[in-house]
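What follows is the content of input_25.cif, which has mmCIF, C-alpha atoms, pLDDT in the B column; chains and numbers go by the auth columns:
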```cif
data_final
#
loop_
_atom_site.group_PDB
_atom_site.id
_atom_site.type_symbol
_atom_site.label_atom_id
_atom_site.label_comp_id
_atom_site.label_asym_id
_atom_site.label_seq_id
_atom_site.Cartn_x
_atom_site.Cartn_y
_atom_site.Cartn_z
_atom_site.B_iso_or_equiv
_atom_site.auth_seq_id
_atom_site.auth_asym_id
ATOM 1 C CA MET A 1 -9.783 7.677 4.295 57.00 1 A
ATOM 2 C CA ILE A 2 -12.878 7.458 2.095 66.00 2 A
ATOM 3 C CA ASP A 3 -12.173 9.080 -1.287 68.00 3 A
ATOM 4 C CA ASP A 4 -14.916 9.511 -3.864 72.00 4 A
ATOM 5 C CA GLY A 5 -12.472 8.758 -6.681 83.00 5 A
ATOM 6 C CA LYS A 6 -12.143 5.027 -5.941 88.00 6 A
ATOM 7 C CA PRO A 7 -14.551 2.298 -4.897 91.00 7 A
ATOM 8 C CA ILE A 8 -14.618 1.869 -1.128 91.00 8 A
ATOM 9 C CA PHE A 9 -13.659 -1.817 -1.303 93.00 9 A
ATOM 10 C CA VAL A 10 -10.507 -0.873 -3.260 94.00 10 A
ATOM 11 C CA GLN A 11 -9.631 1.750 -0.656 93.00 11 A
ATOM 12 C CA ILE A 12 -10.023 -0.781 2.161 93.00 12 A
ATOM 13 C CA ALA A 13 -7.772 -3.268 0.354 95.00 13 A
ATOM 14 C CA GLU A 14 -5.161 -0.547 -0.283 94.00 14 A
ATOM 15 C CA GLN A 15 -5.230 0.574 3.351 93.00 15 A
ATOM 16 C CA ILE A 16 -4.619 -2.982 4.548 96.00 16 A
ATOM 17 C CA GLU A 17 -1.785 -3.293 2.004 97.00 17 A
ATOM 18 C CA ASN A 18 -0.278 -0.022 3.243 96.00 18 A
ATOM 19 C CA ASP A 19 -0.456 -1.226 6.832 96.00 19 A
ATOM 20 C CA ILE A 20 1.336 -4.440 5.856 97.00 20 A
ATOM 21 C CA ILE A 21 4.015 -2.543 3.919 97.00 21 A
ATOM 22 C CA ASP A 22 4.460 -0.070 6.798 97.00 22 A
ATOM 23 C CA ARG A 23 4.677 -3.010 9.233 97.00 23 A
ATOM 24 C CA VAL A 24 1.685 -1.744 11.198 96.00 24 A
ATOM 25 C CA ILE A 25 0.187 -5.199 10.687 96.00 25 A
ATOM 26 C CA ALA A 26 2.790 -7.961 10.803 96.00 26 A
ATOM 27 C CA GLU A 27 2.734 -11.201 8.872 96.00 27 A
ATOM 28 C CA GLU A 28 0.660 -13.875 10.607 97.00 28 A
ATOM 29 C CA SER A 29 -1.220 -11.144 12.518 96.00 29 A
ATOM 30 C CA PRO A 30 -4.995 -10.715 12.352 96.00 30 A
ATOM 31 C CA VAL A 31 -6.624 -7.916 10.391 95.00 31 A
ATOM 32 C CA PRO A 32 -9.838 -6.190 11.456 93.00 32 A
ATOM 33 C CA SER A 33 -13.010 -8.068 10.583 92.00 33 A
ATOM 34 C CA THR A 34 -15.349 -7.012 7.808 92.00 34 A
ATOM 35 C CA ASN A 35 -17.868 -6.059 10.495 94.00 35 A
ATOM 36 C CA GLU A 36 -15.287 -3.785 12.153 94.00 36 A
ATOM 37 C CA PHE A 37 -14.560 -2.120 8.808 91.00 37 A
ATOM 38 C CA ALA A 38 -18.278 -1.795 8.094 93.00 38 A
ATOM 39 C CA ALA A 39 -19.000 -0.222 11.485 93.00 39 A
ATOM 40 C CA PHE A 40 -16.023 2.131 11.380 89.00 40 A
ATOM 41 C CA TYR A 41 -16.600 3.405 7.833 87.00 41 A
ATOM 42 C CA ARG A 42 -20.397 3.091 8.033 90.00 42 A
ATOM 43 C CA ILE A 43 -20.589 0.880 4.992 91.00 43 A
ATOM 44 C CA ASN A 44 -22.253 -2.387 4.105 94.00 44 A
ATOM 45 C CA PRO A 45 -20.337 -5.422 5.445 94.00 45 A
ATOM 46 C CA ALA A 46 -20.466 -6.926 1.933 95.00 46 A
ATOM 47 C CA THR A 47 -18.503 -3.944 0.623 94.00 47 A
ATOM 48 C CA ALA A 48 -15.866 -4.358 3.332 94.00 48 A
ATOM 49 C CA GLY A 49 -15.797 -8.087 2.626 94.00 49 A
ATOM 50 C CA ARG A 50 -15.175 -7.439 -1.036 96.00 50 A
ATOM 51 C CA GLY A 51 -12.011 -5.466 -0.179 94.00 51 A
ATOM 52 C CA VAL A 52 -10.759 -8.119 2.222 95.00 52 A
ATOM 53 C CA ASN A 53 -11.590 -10.960 -0.174 95.00 53 A
ATOM 54 C CA ARG A 54 -9.648 -9.220 -2.898 96.00 54 A
ATOM 55 C CA LEU A 55 -6.553 -9.614 -0.719 97.00 55 A
ATOM 56 C CA VAL A 56 -7.433 -13.238 0.012 96.00 56 A
ATOM 57 C CA ASP A 57 -7.637 -13.863 -3.741 96.00 57 A
ATOM 58 C CA ASP A 58 -4.190 -12.246 -4.143 95.00 58 A
ATOM 59 C CA GLY A 59 -2.684 -14.453 -1.406 96.00 59 A
ATOM 60 C CA ILE A 60 -2.014 -11.489 0.887 97.00 60 A
ATOM 61 C CA LEU A 61 -4.522 -12.601 3.522 97.00 61 A
ATOM 62 C CA TYR A 62 -5.819 -16.004 4.473 96.00 62 A
ATOM 63 C CA LYS A 63 -8.802 -17.202 6.487 94.00 63 A
ATOM 64 C CA LYS A 64 -8.590 -19.136 9.726 93.00 64 A
ATOM 65 C CA ARG A 65 -11.984 -20.736 9.973 92.00 65 A
ATOM 66 C CA GLY A 66 -13.921 -19.368 12.924 91.00 66 A
ATOM 67 C CA ILE A 67 -11.107 -16.996 13.909 93.00 67 A
ATOM 68 C CA GLY A 68 -10.748 -14.377 11.163 92.00 68 A
ATOM 69 C CA MET A 69 -8.388 -13.098 8.492 94.00 69 A
ATOM 70 C CA PHE A 70 -4.615 -13.089 8.894 97.00 70 A
ATOM 71 C CA VAL A 71 -1.686 -11.684 6.932 98.00 71 A
ATOM 72 C CA ALA A 72 0.046 -14.421 4.953 98.00 72 A
ATOM 73 C CA THR A 73 3.743 -15.145 5.350 97.00 73 A
ATOM 74 C CA GLY A 74 5.646 -13.340 2.585 97.00 74 A
ATOM 75 C CA ALA A 75 2.784 -10.890 1.967 98.00 75 A
ATOM 76 C CA ARG A 76 4.928 -7.810 2.528 98.00 76 A
ATOM 77 C CA ASP A 77 7.572 -8.980 0.062 97.00 77 A
ATOM 78 C CA ARG A 78 4.898 -9.750 -2.550 97.00 78 A
ATOM 79 C CA LEU A 79 3.303 -6.339 -2.040 98.00 79 A
ATOM 80 C CA LEU A 80 6.650 -4.557 -2.278 97.00 80 A
ATOM 81 C CA ALA A 81 7.486 -6.394 -5.504 97.00 81 A
ATOM 82 C CA ARG A 82 4.117 -5.570 -7.048 96.00 82 A
ATOM 83 C CA ARG A 83 4.192 -1.935 -5.928 96.00 83 A
ATOM 84 C CA THR A 84 7.786 -1.532 -7.147 97.00 84 A
ATOM 85 C CA GLU A 85 6.779 -2.733 -10.603 97.00 85 A
ATOM 86 C CA GLU A 86 3.759 -0.416 -10.575 96.00 86 A
ATOM 87 C CA PHE A 87 6.050 2.445 -9.542 96.00 87 A
ATOM 88 C CA ARG A 88 8.363 1.685 -12.463 96.00 88 A
ATOM 89 C CA THR A 89 5.462 1.560 -14.891 97.00 89 A
ATOM 90 C CA HIS A 90 3.616 4.663 -13.693 97.00 90 A
ATOM 91 C CA TYR A 91 6.480 6.921 -12.592 96.00 91 A
ATOM 92 C CA VAL A 92 9.987 5.837 -13.580 95.00 92 A
ATOM 93 C CA ARG A 93 9.369 5.051 -17.242 96.00 93 A
ATOM 94 C CA PRO A 94 7.412 8.286 -17.900 96.00 94 A
ATOM 95 C CA LEU A 95 10.079 10.218 -15.979 95.00 95 A
ATOM 96 C CA LEU A 96 12.814 8.716 -18.138 95.00 96 A
ATOM 97 C CA ALA A 97 10.856 9.431 -21.310 95.00 97 A
ATOM 98 C CA GLU A 98 10.379 13.072 -20.342 96.00 98 A
ATOM 99 C CA ALA A 99 14.036 13.398 -19.283 95.00 99 A
ATOM 100 C CA ALA A 100 15.091 12.056 -22.688 95.00 100 A
ATOM 101 C CA LYS A 101 12.895 14.656 -24.429 97.00 101 A
ATOM 102 C CA LEU A 102 14.620 17.352 -22.380 96.00 102 A
ATOM 103 C CA ASP A 103 18.108 15.923 -22.997 96.00 103 A
ATOM 104 C CA ILE A 104 18.562 15.248 -19.286 95.00 104 A
ATOM 105 C CA SER A 105 21.068 12.446 -18.841 94.00 105 A
ATOM 106 C CA PRO A 106 20.538 9.667 -16.300 92.00 106 A
ATOM 107 C CA ALA A 107 23.358 11.141 -14.199 93.00 107 A
ATOM 108 C CA GLN A 108 21.703 14.575 -14.261 95.00 108 A
ATOM 109 C CA LEU A 109 18.381 12.998 -13.359 94.00 109 A
ATOM 110 C CA VAL A 110 19.932 11.236 -10.372 92.00 110 A
ATOM 111 C CA ALA A 111 21.494 14.535 -9.273 93.00 111 A
ATOM 112 C CA LEU A 112 18.094 16.270 -9.516 93.00 112 A
ATOM 113 C CA ILE A 113 16.456 13.555 -7.436 91.00 113 A
ATOM 114 C CA GLN A 114 19.213 13.673 -4.818 91.00 114 A
ATOM 115 C CA THR A 115 18.959 17.467 -4.608 92.00 115 A
ATOM 116 C CA ASP A 116 15.200 17.366 -4.169 92.00 116 A
ATOM 117 C CA ALA A 117 15.487 14.572 -1.618 91.00 117 A
ATOM 118 C CA ALA A 118 17.986 16.622 0.382 91.00 118 A
ATOM 119 C CA GLU A 119 15.690 19.650 0.209 91.00 119 A
ATOM 120 C CA ALA A 120 12.859 17.457 1.477 90.00 120 A
ATOM 121 C CA GLY A 121 15.030 16.359 4.403 90.00 121 A
ATOM 122 C CA ILE A 122 15.567 12.791 3.206 88.00 122 A
ATOM 123 C CA PRO A 123 19.190 11.892 4.002 80.00 123 A
ATOM 124 C CA ALA A 124 21.222 10.215 1.265 71.00 124 A
ATOM 125 C CA ASN A 125 21.092 6.396 1.283 67.00 125 A
ATOM 126 C CA GLU A 126 18.042 6.356 3.552 58.00 126 A
ATOM 127 C CA TYR A 127 15.354 5.682 0.975 55.00 127 A
ATOM 128 C CA SER A 128 14.404 2.237 2.282 53.00 128 A
ATOM 129 C CA GLY A 129 11.694 1.552 4.806 50.00 129 A
ATOM 130 C CA ALA A 130 8.212 2.978 4.732 45.00 130 A
ATOM 131 C CA GLN A 131 7.245 5.662 7.196 45.00 131 A
ATOM 132 C CA GLN A 132 4.000 5.431 9.085 41.00 132 A
ATOM 133 C CA ASN A 133 1.629 8.257 8.327 44.00 133 A
ATOM 134 C CA GLY A 134 -0.715 7.846 11.259 42.00 134 A
ATOM 135 C CA THR A 135 -3.616 6.490 9.187 46.00 135 A
ATOM 136 C CA SER A 136 -3.209 2.824 9.812 48.00 136 A
ATOM 137 C CA THR A 137 -6.160 0.488 9.550 49.00 137 A
ATOM 138 C CA LYS A 138 -5.276 -1.395 12.708 50.00 138 A
ATOM 139 C CA ALA A 139 -4.837 1.719 14.844 40.00 139 A
ATOM 140 C CA THR A 140 -7.910 3.393 13.396 45.00 140 A
ATOM 141 C CA VAL A 141 -10.400 0.547 13.325 51.00 141 A
ATOM 142 C CA THR A 142 -9.579 -1.018 16.655 43.00 142 A
ATOM 143 C CA SER A 143 -9.362 2.201 18.685 37.00 143 A
#
```
Would you mind writing the structure in this file as structure tokens?
Amino acid sequence: MIDDGKPIFVQIAEQIENDIIDRVIAEESPVPSTNEFAAFYRINPATAGRGVNRLVDDGILYKKRGIGMFVATGARDRLLARRTEEFRTHYVRPLLAEAAKLDISPAQLVALIQTDAAEAGIPANEYSGAQQNGTSTKATVTS
């Protein structure tokens, strides 16, 4: 999981977010402790704590004193909304701008996407629901 391109604490926060989105970690379920993250990734517990605390600050996780960190109710919906907006900003809008430069109509663009999706084996109308990729925090850290 560790990628030199991003700070480790950001990567830990993103992995927890991905596990929540993928439903690997359910709402109101505990997340691994900062010490578990630190031991697994061989990093300083303060670094792991920084990633977890980032999610606490965002309202994705909350602390149960003396017990640990838990996923907040509604966290998945908040993450999906934020990630959808980020997707629009970083992918959809540039895609539409480039399509306009190439005189590709929205209908043609949709047809291109559907064709590529079919070639990738993604059935029509089955674009909802995240797929697990086998790199979940919960499965990895606690095993």
Among listed residues A:Thr73, A:Gln108, A:Thr115, A:Ser33, nearest Ile20 in chain A (using all atoms listed in the file):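 Under the stated criterion, the closest residue is A:Thr73.
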Gap from CA of Asp4 in chain A to CA of Arg50 in chain A - Å, one decimal: 17.2 Å
For Glu28 in chain A, the nearest of the candidates A:Arg76, A:Arg82, A:Lys101, A:His90, counting only C-alpha atoms: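 Comparing A:Arg76, A:Arg82, A:Lys101, A:His90 against Glu28 in chain A, the winner is A:Arg76.
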Residue neighbourhood Arg54 in chain A, 12 Å, all atoms listed in the file, exclusion window fewer than 5 positions, as a list in words: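 Returned residues: Phe9, Val10, Gln11, Ile12, Ala13, Glu14, Ile16, Glu17, Thr47, Ala48, Gly49, Gly59, Ile60, Leu61 and Tyr62 of chain A.
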Ile67 in chain A surroundings by only C-alpha atoms, 12 Å radius, close-in-sequence under 4 positions cut, as a PyMOL selection string: chain A and resi 29-33+62-63
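Minimum distance to Asp58 in chain A across A:Pro45, A:Thr89, A:Leu79, A:Ala39 (counting all atoms listed in the file) occurs at A:Leu79.
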Straight-line distance linking CA of Glu98 in chain A with CA of Leu112 in chain A, stated in Å to one decimal: 13.7 Å
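Counting all atoms listed in the file and comparing A:Ala107, A:Thr84, A:Gln15, A:Arg65, the residue that lies closest to Val52 in chain A is A:Gln15.
The environment of Leu95 in chain A within 12 Å, counting all atoms listed in the file and disregarding residues fewer than 2 places along the same chain, consists of Phe87, Arg88, Thr89, His90, Tyr91, Val92, Arg93, Ala97, Glu98, Ala99, Ala100, Lys101, Leu102, Ile104, Ser105, Pro106, Leu109, Val110, Leu112 and Ile113 of chain A.
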Which centre and edge lengths in Å to one decimal define the box along x, y and z that fits every listed atom of range 117-122 of chain A plus 4 Å per side, as AutoDock Vina command-line options?
```
--center_x 15.4 --center_y 16.2 --center_z 1.4 --size_x 13.1 --size_y 14.9 --size_z 14.0
```
Point-to-point distance from CA of Asn18 in chain A to CA of Pro123 in chain A, Å rounded to tenths: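 If I compute the distance from CA of Asn18 in chain A to CA of Pro123 in chain A, I get 22.8 Å.
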